Amino acid sequence: MYDQLVGARFHVYNSLFLNLPFQNVLRTGTFLPLLQQLCETQFERGTSPKDIINAFFKEYAPQLSRKERYDMLFNFIQYVERQVALFDSVEDAAFEHDNNLNGKGTVSALLMRAAYDQQQQELQHKLHNFGLRVVLTAHPTQFYPGSVLGILTDLEKSIRENDLTQINLLLQQLGKTAFINETKPSPYDEAVSLCWYLENVFYATIPEIVKSLAVGAGIALPEWKNDKLIMVGFWPGGDRDGNPFVTSEITLRVAARLNETILRCYYRDLRLLRRRLTFHTVYKIIFSVEQKILSQLTNKTKNYHDANELISELQQARQSLIDEHNGLFLELLDDFILKVKMFGFHFASLDIRQDSRKHDAVWDTILQALSQKKVTVSLNDYESKSAKEKIDYLLNLRCDLSGESTDDELTRETLNSILAIKSIQKENGENGCHRYIISNCQSALHVMEVFVLARLLLGDADIALDIVPLFETIDDLARAPAIMDELYSIDVYRKHLKKRNDRQTIMLGFSDGTKDGGYLRANWSIFRAKENLTSVSRKYSLKAIFFDGRGGPPARGGGNTHDFYASLGDTIESEEVQITIQGQTISSNFGKLSSCRYNLEQLLSSGLESAISHSKNQLTEENKKLIDELADEAFHAYLDLKNDTKFIDYLEKVTPLSFFGDTNIGSRPVKRSSGGGLKFEDLRAIPFVGSWAMMKQNIPGYHGVGTALQRMTSRGHENKLKELYQNSLYFRTLLGNSMMSLTKSNMQATAYLKEDEEYRSFWLKLHDEFLLSRDMVLAISGLDELMAGNPKIRDSVKLREKIVLPLIAIQQYAMMNLRHPADGDQDEALYRKLIIRCMFGIINAARNSA
């Protein structure tokens, strides 16, 4: 079915490229399959990319000059980029056929099961309290500029309609449209780009899901109370962690843009509504509301101070419609009221994020300034105190920081960013911005530093703010429960949580956890941390809300994410599912109405499942001990790799890591610090994972898994592991996502490194673990091939990898020549350009590789 719907159609439409009226397109399209075939056969034989490219020109185009050879390579890159874009559109057009929109994990299936098991009341109760928050981030993994995304949207529509004439025109447009940005986007540009998805996808999709749930659960739409069932979070313009281009001014501009975007949506809906509600009294109200929204949008007139005022006027119209006009078109008005309740004047909730080390520096500056005014002790005296004494001292400070002036830019921006929260709440409502996330949180003091800043800037009564610690490294995850225990025991903070409905949001970082401790150790450390954090929070009668920082690929917490949430059991608090959606995953999983609805429903159902499920996907204590041991073994295997003397060198000199900063896809730098050489702790997870993906090695997604499974098997645990795989959705998902990373790997593409004097032993270490991991996951799962349980995704991966194979060869060819230039070779600039240009197609083809 997949091959017919996607594979065959792609090959048909791909043939249209040959007829495009562009210079050299026929030659490029004719020679490219020859290179692709050569790559397939020669990689299998262990031939180096350098020899493959040279052999190609020698056999098929020996007459070409040096310049013509490079021109052809760049033409190949451009051609493959457009093949990948076409494949995306073909696959998106087949989405409804490829995915059962009423099957497992959908709202329809959930409602049907609740009815069959007579669990409707339990589901209704869960719906009153449950929440899903998907947080859109601006992390740089989206390689398609906005102009290309627009073409792909139209192309998908034409493919659905099988409109060959329009497809041909759009492919011509695609051929003429640049696939890369000439300059880096600003944080504001990134925000504007994501607002497109809010306006064109989420605005329609979220209310439709809520409506179907309400109707299916027997709740009248006007009686629907949970306006936070599905919320959208937003990081562009608020995420300061390692991004010097995000300022308080940018934050305010982004918040204003979000407000404008939702008002524009409301205005459009009101105009349509007015065409139906033409009745006396009702028409007047709707027309008045429409004009007020238009004035607020265009003239910035504050006609409504909050969304409740707007809802109040709409309710008047509703009552009039019932009393005087028999409720004609009432459902249209109810649908619009639901949108206003859910999106308010904020549309998406803007998060502020900063690294804890920056807050340490800010307090140093503040205390130095205040000590000179005799308001505080000296900085040296403060530094001599214990962590608990520092907390007590900060809590006893009484001064107005809003009036403090400072020449230190970091301090000024930090204070202004907190003041911006209050401004945003005034304009967009509290939901517009109410969370401050602390990256690299390592102590209760780190939380209290932000809490006291907020107190001194906003006042005790005005702190409508959730302070969210982010635990990322393996050590931090282990310390997290003790940190939160200490935090909860601070009386003033406990009173603050009382005002926040006795809830504490805690963020856990899958990306940096995997970078730090490897795939198995990171995932299991987070599971254990959640259990312990749930326990310590319940001890204080608090509810822990877990916010997962996940990326697209399994190596960064992605993959079949919804299965993880469905498999957690009741030892982990599950009243909300909160998750970051990053880069390519936004466009690939949430970029169209059908895929957005499907994937939101999958996440929603995974959290609601516990209300109606009789089988609690519980891991037994024996299961947990088994995974404890397995994770430890995987951790040691990963540490052995990470501590290898060649590890950093390999990343810096062999992979395309150092080129990520030149791609112009995101505003954020590749590493946190701006200092000299590469430091592993400063390295961002995205370029780290992305570099391995482009090497077709995908180390962070499986390294250590094979060694761990082999060692456990040698201790007589093979049958236990096989039984665990069959009976535990959590463990099955854990190994299944690792299989995806293995499937996307192609060690033969870098087999030339086994002949490299400097990196031979390191490459063999990678290669051996790949083979071991592949063999062991197959042995434990009982599958005949990787991803045999998910053939649709497996087939998609295989087709994508085949399309992009020439780019892998070209990029590795350039990397080889850059490392070992021939005598007199003066083509360094061209090699660098080839490497960067190949990155776009390789990453886009994988869709969730970074």
# chains A, B, ... in the order shown; residues from 1 in each chain; ligands from 1

$ residues_around --residues "Leu783 (chain A)" --least-positions-apart "3" --cutoff "12 Å" --atoms "only C-alpha atoms" --output "ChimeraX atom specification"
/A:722,725-726,732,735-736,739,774-780,786-791

$ select_by_dssp --residues "region 152-192 of chain A" --states "alpha helix (DSSP H)" --output "list in words"
Leu152, Thr153, Asp154, Leu155, Glu156, Lys157, Ser158, Ile159, Arg160, Leu164, Thr165, Gln166, Ile167, Asn168, Leu169, Leu170, Leu171, Gln172, Gln173, Leu174, Gly175, Lys176, Pro187, Tyr188, Asp189, Glu190, Ala191 and Val192 of chain A

$ atom_distance --atom1 "CA of Ser535 (chain A)" --atom2 "CA of Ser574 (chain A)"
12.7 Å

$ residues_around --residues "Arg113 (chain A)" --least-positions-apart "4" --cutoff "8 Å" --atoms "only C-alpha atoms" --output "tab-separated table (two decimals) with N, CA, C and O atoms, in the first residue's frame"
chain	number	residue	atom	x	y	z
A	109	ALA	N	-11.16	6.50	18.58
A	109	ALA	CA	-10.89	5.21	19.23
A	109	ALA	C	-11.02	5.31	20.74
A	109	ALA	O	-11.52	4.39	21.41
A	117	ASP	N	-16.25	0.01	27.32
A	117	ASP	CA	-15.89	-0.41	28.68
A	117	ASP	C	-16.73	0.28	29.75
A	117	ASP	O	-16.46	0.12	30.94
A	612	ILE	N	-9.39	5.27	31.38
A	612	ILE	CA	-10.27	4.18	30.97
A	612	ILE	C	-9.53	2.84	30.84
A	612	ILE	O	-10.15	1.83	30.53

$ closest_residue --among "A:Met1, A:Arg257, A:Thr205, A:Asp491" --to "Arg597 (chain A)" --atoms "only C-alpha atoms"
A:Thr205

$ closest_atom_pairs --of "region 184-261 of chain A" --to "region 408-422 of chain A" --cutoff "9 Å" --atoms "only C-alpha atoms" --output "Markdown table"
| residue | atom | partner | partner_atom | distance |
| --- | --- | --- | --- | --- |
| A:Gly238 | CA | A:Ser417 | CA | 8.5 |
| A:Thr247 | CA | A:Glu413 | CA | 6.6 |
| A:Ser248 | CA | A:Ser417 | CA | 4.9 |
| A:Glu249 | CA | A:Ala420 | CA | 8.4 |
| A:Thr251 | CA | A:Ala420 | CA | 7.4 |
| A:Leu252 | CA | A:Ala420 | CA | 6.6 |

$ write_last_selection --atoms "N, CA and C atoms" --output "PDB file, in the first residue's frame"
ATOM      1  N   GLY A 238      11.642  34.253  23.485  1.00  0.00           N
ATOM      2  CA  GLY A 238      11.707  34.155  24.941  1.00  0.00           C
ATOM      3  C   GLY A 238      12.856  33.289  25.427  1.00  0.00           C
ATOM      4  N   THR A 247      16.378  39.576  23.171  1.00  0.00           N
ATOM      5  CA  THR A 247      16.376  40.660  24.149  1.00  0.00           C
ATOM      6  C   THR A 247      14.960  40.859  24.668  1.00  0.00           C
ATOM      7  N   SER A 248      14.839  41.665  25.719  1.00  0.00           N
ATOM      8  CA  SER A 248      13.508  41.951  26.261  1.00  0.00           C
ATOM      9  C   SER A 248      12.649  42.666  25.219  1.00  0.00           C
ATOM     10  N   GLU A 249      13.272  43.498  24.389  1.00  0.00           N
ATOM     11  CA  GLU A 249      12.537  44.184  23.333  1.00  0.00           C
ATOM     12  C   GLU A 249      11.963  43.176  22.327  1.00  0.00           C
ATOM     13  N   THR A 251      11.288  40.059  22.991  1.00  0.00           N
ATOM     14  CA  THR A 251      10.227  39.335  23.701  1.00  0.00           C
ATOM     15  C   THR A 251       8.900  40.076  23.608  1.00  0.00           C
ATOM     16  N   LEU A 252       8.929  41.371  23.832  1.00  0.00           N
ATOM     17  CA  LEU A 252       7.708  42.176  23.772  1.00  0.00           C
ATOM     18  C   LEU A 252       7.157  42.237  22.344  1.00  0.00           C
TER      19      LEU A 252
END

$ residues_around --residues "Gln811 (chain A)" --least-positions-apart "5" --cutoff "8 Å" --atoms "only C-alpha atoms" --output "list in words"
Leu834, Ile835, Cys838 and Met839 of chain A

$ write_last_selection --atoms "N, CA, C and O atoms" --output "PDB file, in the first residue's frame"
ATOM      1  N   LEU A 834      30.395  22.865  -0.691  1.00  0.00           N
ATOM      2  CA  LEU A 834      29.738  21.572  -0.952  1.00  0.00           C
ATOM      3  C   LEU A 834      29.215  20.959   0.346  1.00  0.00           C
ATOM      4  O   LEU A 834      28.092  20.452   0.404  1.00  0.00           O
ATOM      5  N   ILE A 835      30.033  21.007   1.392  1.00  0.00           N
ATOM      6  CA  ILE A 835      29.642  20.427   2.687  1.00  0.00           C
ATOM      7  C   ILE A 835      28.377  21.101   3.218  1.00  0.00           C
ATOM      8  O   ILE A 835      27.419  20.434   3.622  1.00  0.00           O
ATOM      9  N   CYS A 838      25.208  20.394   1.062  1.00  0.00           N
ATOM     10  CA  CYS A 838      24.694  19.027   1.235  1.00  0.00           C
ATOM     11  C   CYS A 838      23.899  18.876   2.539  1.00  0.00           C
ATOM     12  O   CYS A 838      23.007  18.027   2.630  1.00  0.00           O
ATOM     13  N   MET A 839      24.233  19.700   3.523  1.00  0.00           N
ATOM     14  CA  MET A 839      23.582  19.577   4.832  1.00  0.00           C
ATOM     15  C   MET A 839      22.069  19.738   4.721  1.00  0.00           C
ATOM     16  O   MET A 839      21.307  19.022   5.379  1.00  0.00           O
TER      17      MET A 839
END

$ residues_around --residues "Glu81 (chain A)" --least-positions-apart "3" --cutoff "12 Å" --atoms "only C-alpha atoms" --output "ChimeraX atom specification"
/A:74-78,84-88,143-144,148,171,174-175,177-180,800,803-807,837-846

$ residues_around --residues "Phe336 (chain A)" --least-positions-apart "4" --cutoff "9 Å" --atoms "only C-alpha atoms" --output "VMD selection string"
chain A and resid 207 266 269 to 270 273 314 331 to 332 340 to 341

$ closest_atom_pairs --of "region 72-150 of chain A" --to "region 564-567 of chain A" --cutoff "12 Å" --atoms "only C-alpha atoms" --output "CSV"
residue,atom,partner,partner_atom,distance
A:Lys104,CA,A:Ala566,CA,11.6
A:Gly105,CA,A:Ala566,CA,9.4
A:Leu132,CA,A:Tyr565,CA,11.4

$ write_last_selection --atoms "C-alpha atoms" --output "tab-separated table (two decimals), in the first residue's frame"
chain	number	residue	atom	x	y	z
A	104	LYS	CA	-5.40	3.49	17.81
A	105	GLY	CA	-4.51	6.69	19.63
A	132	LEU	CA	-1.70	18.86	26.82

$ closest_atom_pairs --of "region 760-797 of chain A" --to "region 750-756 of chain A" --cutoff "9 Å" --atoms "only C-alpha atoms" --output "tab-separated table"
residue	atom	partner	partner_atom	distance
A:Arg760	CA	A:Lys754	CA	4.3
A:Ser761	CA	A:Lys754	CA	7.2
A:Phe762	CA	A:Lys754	CA	8.6
A:Trp763	CA	A:Lys754	CA	6.3
A:Leu764	CA	A:Lys754	CA	6.5
A:His767	CA	A:Ala751	CA	8.7

$ write_last_selection --atoms "N, CA and C atoms" --output "JSON list (two decimals), in the first residue's frame"
[["chain", "number", "residue", "atom", "x", "y", "z"],
["A", 760, "ARG", "N", 41.22, 5.27, 12.61],
["A", 760, "ARG", "CA", 40.84, 3.89, 12.31],
["A", 760, "ARG", "C", 40.22, 3.19, 13.52],
["A", 761, "SER", "N", 40.92, 3.21, 14.64],
["A", 761, "SER", "CA", 40.44, 2.48, 15.83],
["A", 761, "SER", "C", 39.14, 3.07, 16.36],
["A", 762, "PHE", "N", 39.00, 4.40, 16.24],
["A", 762, "PHE", "CA", 37.78, 5.04, 16.73],
["A", 762, "PHE", "C", 36.59, 4.64, 15.84],
["A", 763, "TRP", "N", 36.79, 4.65, 14.51],
["A", 763, "TRP", "CA", 35.70, 4.26, 13.61],
["A", 763, "TRP", "C", 35.31, 2.80, 13.85],
["A", 764, "LEU", "N", 36.29, 1.95, 14.04],
["A", 764, "LEU", "CA", 35.99, 0.53, 14.29],
["A", 764, "LEU", "C", 35.18, 0.35, 15.58],
["A", 767, "HIS", "N", 31.71, 1.24, 14.54],
["A", 767, "HIS", "CA", 31.18, 0.21, 13.65],
["A", 767, "HIS", "C", 30.81, -1.05, 14.42]]

$ residues_around --residues "Arg133 (chain A)" --least-positions-apart "5" --cutoff "6 Å" --atoms "only C-alpha atoms" --output "list in words"
Ile230, Met231, Val232 and Gln578 of chain A

$ write_last_selection --atoms "all heavy atoms" --output "PDB file, in the first residue's frame"
ATOM      1  N   ILE A 230      -5.877  21.739  25.574  1.00  0.00           N
ATOM      2  CA  ILE A 230      -4.746  21.778  24.628  1.00  0.00           C
ATOM      3  C   ILE A 230      -4.250  23.214  24.571  1.00  0.00           C
ATOM      4  O   ILE A 230      -4.989  24.117  24.173  1.00  0.00           O
ATOM      5  CB  ILE A 230      -5.144  21.311  23.219  1.00  0.00           C
ATOM      6  CG1 ILE A 230      -5.790  19.931  23.252  1.00  0.00           C
ATOM      7  CG2 ILE A 230      -3.913  21.298  22.305  1.00  0.00           C
ATOM      8  CD1 ILE A 230      -6.290  19.456  21.895  1.00  0.00           C
ATOM      9  N   MET A 231      -3.011  23.417  24.972  1.00  0.00           N
ATOM     10  CA  MET A 231      -2.390  24.738  24.899  1.00  0.00           C
ATOM     11  C   MET A 231      -1.149  24.682  24.016  1.00  0.00           C
ATOM     12  O   MET A 231      -0.502  23.637  23.911  1.00  0.00           O
ATOM     13  CB  MET A 231      -2.001  25.241  26.296  1.00  0.00           C
ATOM     14  CG  MET A 231      -3.157  25.673  27.159  1.00  0.00           C
ATOM     15  SD  MET A 231      -2.577  26.482  28.682  1.00  0.00           S
ATOM     16  CE  MET A 231      -1.913  28.027  28.017  1.00  0.00           C
ATOM     17  N   VAL A 232      -0.855  25.805  23.408  1.00  0.00           N
ATOM     18  CA  VAL A 232       0.374  25.916  22.618  1.00  0.00           C
ATOM     19  C   VAL A 232       1.345  26.818  23.361  1.00  0.00           C
ATOM     20  O   VAL A 232       0.995  27.931  23.757  1.00  0.00           O
ATOM     21  CB  VAL A 232       0.097  26.495  21.217  1.00  0.00           C
ATOM     22  CG1 VAL A 232       1.394  26.548  20.404  1.00  0.00           C
ATOM     23  CG2 VAL A 232      -0.948  25.662  20.486  1.00  0.00           C
ATOM     24  N   GLN A 578       3.341  17.657  28.658  1.00  0.00           N
ATOM     25  CA  GLN A 578       3.950  18.872  28.117  1.00  0.00           C
ATOM     26  C   GLN A 578       5.218  18.471  27.374  1.00  0.00           C
ATOM     27  O   GLN A 578       6.046  17.728  27.910  1.00  0.00           O
ATOM     28  CB  GLN A 578       4.278  19.871  29.231  1.00  0.00           C
ATOM     29  CG  GLN A 578       3.067  20.360  29.990  1.00  0.00           C
ATOM     30  CD  GLN A 578       3.377  21.558  30.872  1.00  0.00           C
ATOM     31  OE1 GLN A 578       4.468  22.122  30.831  1.00  0.00           O
ATOM     32  NE2 GLN A 578       2.408  21.969  31.671  1.00  0.00           N
TER      33      GLN A 578
END

$ select_by_dssp --residues "region 504-546 of chain A" --states "strand (DSSP E or B)" --output "list of chain:residue names"
A:Gln504, A:Thr505, A:Ile506, A:Met507, A:Leu508, A:Gly509, A:Lys543, A:Ala544, A:Ile545, A:Phe546

$ decode --residues "region 407-435 of chain A" --atoms "C-alpha atoms" --output "mmCIF file, in the first residue's frame"
data_model
loop_
_atom_site.group_PDB
_atom_site.id
_atom_site.type_symbol
_atom_site.label_atom_id
_atom_site.label_comp_id
_atom_site.auth_asym_id
_atom_site.auth_seq_id
_atom_site.Cartn_x
_atom_site.Cartn_y
_atom_site.Cartn_z
ATOM 1 C CA ASP A 407 25.869 49.284 32.879
ATOM 2 C CA ASP A 408 26.033 45.494 32.830
ATOM 3 C CA GLU A 409 24.057 44.352 29.773
ATOM 4 C CA LEU A 410 23.297 40.855 31.087
ATOM 5 C CA THR A 411 21.905 42.212 34.347
ATOM 6 C CA ARG A 412 19.878 44.900 32.616
ATOM 7 C CA GLU A 413 18.413 42.426 30.134
ATOM 8 C CA THR A 414 17.610 39.864 32.843
ATOM 9 C CA LEU A 415 15.730 42.430 34.931
ATOM 10 C CA ASN A 416 13.936 43.762 31.858
ATOM 11 C CA SER A 417 12.927 40.257 30.787
ATOM 12 C CA ILE A 418 11.145 39.730 34.119
ATOM 13 C CA LEU A 419 9.481 43.138 33.866
ATOM 14 C CA ALA A 420 8.420 42.160 30.332
ATOM 15 C CA ILE A 421 6.429 39.250 31.790
ATOM 16 C CA LYS A 422 4.214 41.713 33.656
ATOM 17 C CA SER A 423 3.753 43.844 30.533
ATOM 18 C CA ILE A 424 2.804 40.817 28.433
ATOM 19 C CA GLN A 425 0.310 39.630 31.042
ATOM 20 C CA LYS A 426 -1.306 43.063 31.020
ATOM 21 C CA GLU A 427 -1.701 43.019 27.212
ATOM 22 C CA ASN A 428 -2.242 39.328 26.421
ATOM 23 C CA GLY A 429 -3.532 37.950 29.730
ATOM 24 C CA GLU A 430 -1.735 35.805 32.291
ATOM 25 C CA ASN A 431 -1.557 32.883 29.864
ATOM 26 C CA GLY A 432 0.449 35.114 27.534
ATOM 27 C CA CYS A 433 3.617 34.607 29.590
ATOM 28 C CA HIS A 434 3.714 32.931 32.993
ATOM 29 C CA ARG A 435 6.733 30.584 33.022
#
